[in-house]
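Structure file upload-v4.cif with mmCIF, C-alpha atoms:
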data_structure
loop_
_atom_site.label_atom_id
_atom_site.label_comp_id
_atom_site.auth_asym_id
_atom_site.auth_seq_id
_atom_site.Cartn_x
_atom_site.Cartn_y
_atom_site.Cartn_z
CA MET J 32 276.73 185.86 90.58
CA LYS J 33 279.28 183.04 90.44
CA ILE J 34 282.13 182.80 92.95
CA LEU J 35 285.23 180.59 92.96
CA ILE J 36 286.65 179.68 96.38
CA ILE J 37 290.29 178.55 96.35
CA GLU J 38 291.00 177.24 99.84
CA ASP J 39 292.73 174.05 101.02
CA ASN J 40 291.22 174.02 104.52
CA ILE J 41 288.13 171.87 104.01
CA LEU J 42 286.28 173.19 107.08
CA LEU J 43 286.80 176.82 106.10
CA ARG J 44 286.02 176.08 102.46
CA ASP J 45 282.76 174.33 103.33
CA ASN J 46 281.81 177.12 105.73
CA LEU J 47 282.43 179.78 103.07
CA LYS J 48 280.47 177.79 100.51
CA PHE J 49 277.53 177.28 102.89
CA ASN J 50 277.27 180.94 103.89
CA LEU J 51 277.64 182.27 100.33
CA GLN J 52 275.08 179.82 98.98
CA LYS J 53 272.64 181.15 101.59
CA GLU J 54 273.08 184.50 99.83
CA ASN J 55 272.10 182.78 96.54
CA TYR J 56 275.57 182.92 95.01
CA VAL J 57 276.60 180.04 92.76
CA ILE J 58 279.77 178.53 94.24
CA ASP J 59 282.62 176.55 92.74
CA CYS J 60 285.61 175.35 94.77
CA ALA J 61 289.23 174.34 94.37
CA SER J 62 291.45 172.80 97.05
CA ASP J 63 294.89 173.73 95.72
CA GLY J 64 296.55 176.45 93.67
CA GLU J 65 296.92 174.53 90.43
CA GLU J 66 293.27 173.45 90.35
CA GLY J 67 292.18 176.96 91.28
CA TYR J 68 294.34 178.53 88.60
CA LYS J 69 292.90 176.29 85.87
CA LYS J 70 289.34 177.10 86.92
CA ALA J 71 290.05 180.82 87.26
CA LEU J 72 291.47 180.95 83.72
CA THR J 73 288.01 180.20 82.32
CA GLY J 74 286.99 183.75 83.24
CA ILE J 75 283.42 182.72 84.09
CA TYR J 76 283.54 183.88 87.71
CA ASP J 77 282.35 187.21 89.08
CA LEU J 78 284.66 186.92 92.09
CA ILE J 79 287.52 184.75 93.34
CA ILE J 80 288.08 184.20 97.07
CA LEU J 81 291.73 183.23 97.37
CA ASP J 82 293.70 181.80 100.28
CA LEU J 83 297.42 182.62 100.27
CA MET J 84 298.87 179.42 101.74
CA LEU J 85 297.93 176.80 99.17
CA PRO J 86 299.53 173.52 98.09
CA LYS J 87 300.98 173.18 94.55
CA MET J 88 300.81 176.94 93.88
CA ASP J 89 300.64 179.70 96.48
CA GLY J 90 297.98 182.39 96.28
CA ALA J 91 300.33 185.27 95.47
CA THR J 92 301.79 183.39 92.49
CA LEU J 93 298.31 182.41 91.33
CA LEU J 94 297.17 186.02 91.48
CA GLN J 95 300.23 187.21 89.58
CA TYR J 96 299.68 184.59 86.85
CA LEU J 97 296.02 185.58 86.49
CA ARG J 98 296.81 189.26 86.00
CA THR J 99 299.63 188.40 83.58
CA ASN J 100 297.09 186.42 81.53
CA ASN J 101 294.64 189.36 81.54
CA ILE J 102 292.14 187.63 83.82
CA ASN J 103 290.70 190.64 85.62
CA THR J 104 288.17 188.82 87.79
CA PRO J 105 288.03 190.57 91.20
CA VAL J 106 290.02 188.74 93.88
CA LEU J 107 289.39 188.80 97.64
CA VAL J 108 292.47 187.47 99.44
CA LEU J 109 292.20 185.56 102.74
CA SER J 110 295.30 185.36 104.92
CA ALA J 111 296.48 185.06 108.50
CA LYS J 112 299.20 187.59 107.65
CA ASN J 113 298.41 191.08 108.87
CA GLN J 114 301.53 193.04 108.03
CA ILE J 115 301.13 196.22 105.99
CA ASP J 116 303.94 195.16 103.63
CA ASP J 117 302.15 191.88 102.85
CA LYS J 118 298.94 193.74 102.02
CA VAL J 119 300.74 196.31 99.89
CA THR J 120 302.45 193.53 97.92
CA LEU J 121 299.14 191.79 97.22
CA PHE J 122 297.37 194.98 96.18
CA ASN J 123 300.28 195.71 93.84
CA LEU J 124 299.83 192.23 92.37
CA GLY J 125 296.19 193.07 91.63
CA CYS J 126 293.99 191.89 94.49
CA ASP J 127 290.81 193.90 95.09
CA ASP J 128 290.40 193.38 98.82
CA TYR J 129 292.13 191.65 101.72
CA LEU J 130 290.55 189.94 104.72
CA THR J 131 292.64 188.80 107.69
CA LYS J 132 291.88 185.45 109.32
CA PRO J 133 290.03 184.82 111.55
CA PHE J 134 287.05 186.83 110.34
CA GLU J 135 283.31 186.96 110.88
CA ASN J 136 281.07 185.60 108.14
CA LYS J 137 279.08 188.84 108.18
CA GLU J 138 282.19 190.82 107.30
CA LEU J 139 283.03 188.44 104.46
CA ILE J 140 279.54 188.82 102.99
CA VAL J 141 279.76 192.62 103.21
CA ARG J 142 283.16 192.59 101.46
CA VAL J 143 281.87 190.27 98.73
CA LYS J 144 278.82 192.44 98.02
CA SER J 145 280.91 195.60 98.01
CA ILE J 146 283.35 194.17 95.46
CA LEU J 147 280.54 192.97 93.20
CA ARG J 148 278.84 196.35 93.30
CA ARG J 149 282.08 198.11 92.41
CA MET J 150 282.69 195.69 89.57
CA HIS J 151 279.35 196.63 88.00
CA ASN J 152 279.58 200.35 88.91
CA VAL J 153 276.56 200.01 91.16
CA SER J 154 276.47 202.22 94.26
CA SER J 155 273.35 200.74 95.87
CA SER J 156 272.32 197.22 96.84
CA ILE J 157 268.99 197.87 95.11
CA LEU J 158 268.95 197.53 91.34
CA THR J 159 266.05 199.22 89.53
CA VAL J 160 264.65 198.90 86.04
CA ALA J 161 261.49 200.97 85.55
CA ASP J 162 259.14 199.83 88.37
CA LEU J 163 261.16 196.67 89.06
CA GLU J 164 263.31 196.62 92.20
CA ILE J 165 265.89 193.91 92.98
CA ASN J 166 267.36 194.00 96.46
CA THR J 167 270.68 192.18 96.12
CA THR J 168 271.14 192.10 99.90
CA LEU J 169 267.79 190.59 100.82
CA LYS J 170 267.45 188.78 97.46
CA THR J 171 263.93 190.12 97.04
CA VAL J 172 262.16 191.25 93.87
CA ILE J 173 259.31 193.76 93.71
CA ARG J 174 257.48 195.10 90.68
CA ALA J 175 254.98 197.94 90.99
CA GLY J 176 254.87 197.36 94.75
CA LYS J 177 254.13 193.65 94.44
CA LYS J 178 256.62 191.11 95.78
CA ILE J 179 257.55 188.39 93.28
CA GLN J 180 258.65 184.94 94.43
CA LEU J 181 261.47 183.47 92.33
CA THR J 182 263.39 180.22 92.45
CA SER J 183 267.13 180.48 93.11
CA LYS J 184 267.99 180.03 89.42
CA GLU J 185 265.32 182.51 88.30
CA TYR J 186 266.71 185.05 90.74
CA PHE J 187 270.26 184.33 89.57
CA ILE J 188 269.30 184.98 85.94
CA LEU J 189 267.37 188.15 86.82
CA GLU J 190 270.21 189.54 88.93
CA PHE J 191 272.71 188.78 86.16
CA LEU J 192 270.51 190.59 83.63
CA ALA J 193 270.05 193.50 86.05
CA TYR J 194 273.78 193.92 86.61
CA ASN J 195 274.03 194.02 82.81
CA LYS J 196 271.05 196.34 82.38
CA ASP J 197 270.52 197.57 78.79
CA ARG J 198 273.23 195.19 77.51
CA ILE J 199 272.24 192.29 75.27
CA VAL J 200 273.59 189.03 76.72
CA SER J 201 273.70 185.75 74.89
CA ARG J 202 272.20 182.43 75.88
CA GLN J 203 275.76 181.10 76.16
CA GLU J 204 276.68 183.82 78.68
CA ILE J 205 273.75 182.91 80.91
CA SER J 206 274.43 179.20 80.52
CA SER J 207 278.10 179.67 81.41
CA LYS J 208 277.22 181.56 84.56
CA LEU J 209 274.72 178.90 85.64
CA TRP J 210 276.52 175.71 84.70
CA GLY J 211 280.08 176.58 83.67
CA LYS J 212 281.85 177.51 80.47
CA GLU J 213 282.15 173.91 79.33
CA SER J 214 278.43 173.21 79.62
CA ASP J 215 276.77 171.67 76.58
CA LEU J 216 274.48 174.40 75.28
CA LEU J 217 272.17 171.89 73.60
CA THR J 218 271.84 169.84 76.77
CA MET J 219 271.23 172.88 78.96
CA SER J 220 269.03 174.71 76.45
CA ASN J 221 265.73 173.16 77.53
CA SER J 222 266.47 173.77 81.20
CA LEU J 223 267.48 177.37 80.50
CA ASP J 224 264.31 177.93 78.47
CA VAL J 225 262.19 176.65 81.37
CA HIS J 226 263.84 179.07 83.81
CA LEU J 227 263.68 182.01 81.39
CA ASN J 228 260.06 181.43 80.41
CA SER J 229 259.00 181.15 84.04
CA LEU J 230 260.97 184.27 84.94
CA ARG J 231 259.47 186.31 82.13
CA LYS J 232 255.94 185.32 83.14
CA LYS J 233 256.57 186.34 86.74
CA ILE J 234 258.21 189.65 85.82
CA ASP J 235 256.22 190.76 82.77
CA ASP J 236 252.79 189.08 82.70
CA GLY J 237 250.04 191.60 83.36
CA PHE J 238 252.22 194.61 82.54
CA ASP J 239 252.06 196.64 79.34
CA LYS J 240 255.77 197.41 79.61
CA LYS J 241 257.82 194.27 79.04
CA LEU J 242 261.26 194.40 80.63
CA ILE J 243 262.88 191.09 79.61
CA LEU J 244 263.25 191.15 75.85
CA THR J 245 264.47 188.58 73.36
CA LYS J 246 266.97 189.80 70.80
CA ARG J 247 268.29 187.95 67.76
CA SER J 248 266.46 184.78 68.93
CA PHE J 249 269.25 183.62 71.23
CA SER J 250 269.99 186.73 73.29
CA PHE J 251 268.21 188.61 76.05
CA VAL J 252 268.19 192.03 77.67
CA LEU J 253 266.61 193.55 80.78
CA THR J 254 265.72 197.14 79.95
CA ASP J 255 263.05 199.80 79.99
CA LYS J 256 264.43 201.37 76.80
CA GLU J 257 263.77 200.72 73.16
CA ILE J 258 266.70 198.58 71.97
#

Whole structure given in structure tokens:
Amino acid sequence: MKILIIEDNILLRDNLKFNLQKENYVIDCASDGEEGYKKALTGIYDLIILDLMLPKMDGATLLQYLRTNNINTPVLVLSAKNQIDDKVTLFNLGCDDYLTKPFENKELIVRVKSILRRMHNVSSSILTVADLEINTTLKTVIRAGKKIQLTSKEYFILEFLAYNKDRIVSRQEISSKLWGKESDLLTMSNSLDVHLNSLRKKIDDGFDKKLILTKRSFSFVLTDKEI
């Protein structure tokens, strides 16, 4: 999962980035509203963490512009304001959750995971495909009772495929999530192939039922169905 943090306070921004990266999220950052708005318009993020008091463009305006432009990426707002009217205004503008500063990192992580589960209509932190279990809280992977060790990028790809279970996703979609929408597909292709090939060996080798399938040469799907 890829998260954009739009926060001008460098200490808070770095703290958020550090703690979310420990959860194996891919993090991108912006230090003002205009930069954040441009990045958010790409639509490649699974979640935006948005401060309200930003230079160049405030968070409420940024949120309003995103929704006007049909960017429906979930937004978690951070603010020192704690008035009910302020929260109501932001929810009416289209935010998905609201966290009042100061907050504990544990609460932030819980809110982030809850939003991401809702976005993918997943009620549990454990994603299952046949005998494969992916614990999105612990970031562990088990198949047929055996724990599988993955690199951070392998896990990222697997979790992305699991959240999109039974849906064929393109190489470009995976590449965009890993390296950004503007990534050169030809340049990243070899690296992506290395990660995918290694992941497939770890998940499927030794099993009659293959779960990571290649479709139309350049697309992939995680499924236990015939597609």

Evaluate the PyMOL selection byres ((chain J and resi 243) around 7) here and jot the selected residues down as an MDAnalysis selection string.
chainID J and resid 231 241:242 244:245 251:254

Using the chain letters and numbers from the file, give me the residues hit by the PyMOL selection byres ((chain J and resi 176) around 12), as a PyMOL selection string.
chain J and resi 161-165+171-175+177-179

Contact residues around range 35-41 of chain J with all atoms listed in the file at 10 Å, ignoring same-chain residues under 5 positions, as a ChimeraX atom specification:
/J:46-48,57-68,70-71,75-86,90,106-109

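The space between CA of Leu130 in chain J and CA of Leu94 in chain J spans 15.3 Å.
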
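For the structure shown here, the set of residues caught by the PyMOL selection byres ((chain J and resi 202) around 6) is Ser201, Gln203, Glu204, Ile205, Phe249 and Ser250 of chain J.
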
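Using only C-alpha atoms, the nearest neighbour of Gln180 in chain J within the list J:Lys233, J:His226, J:Arg198, J:Arg142 is J:Lys233.
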
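You will find CA of Phe49 in chain J at 26.4 Å from CA of Asn195 in chain J.
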
Point out the residue among J:Ile140, J:Met32, J:Leu51, J:Ile146 with the least atom-to-atom distance to Asp128 in chain J, counting all atoms listed in the file.
J:Ile146
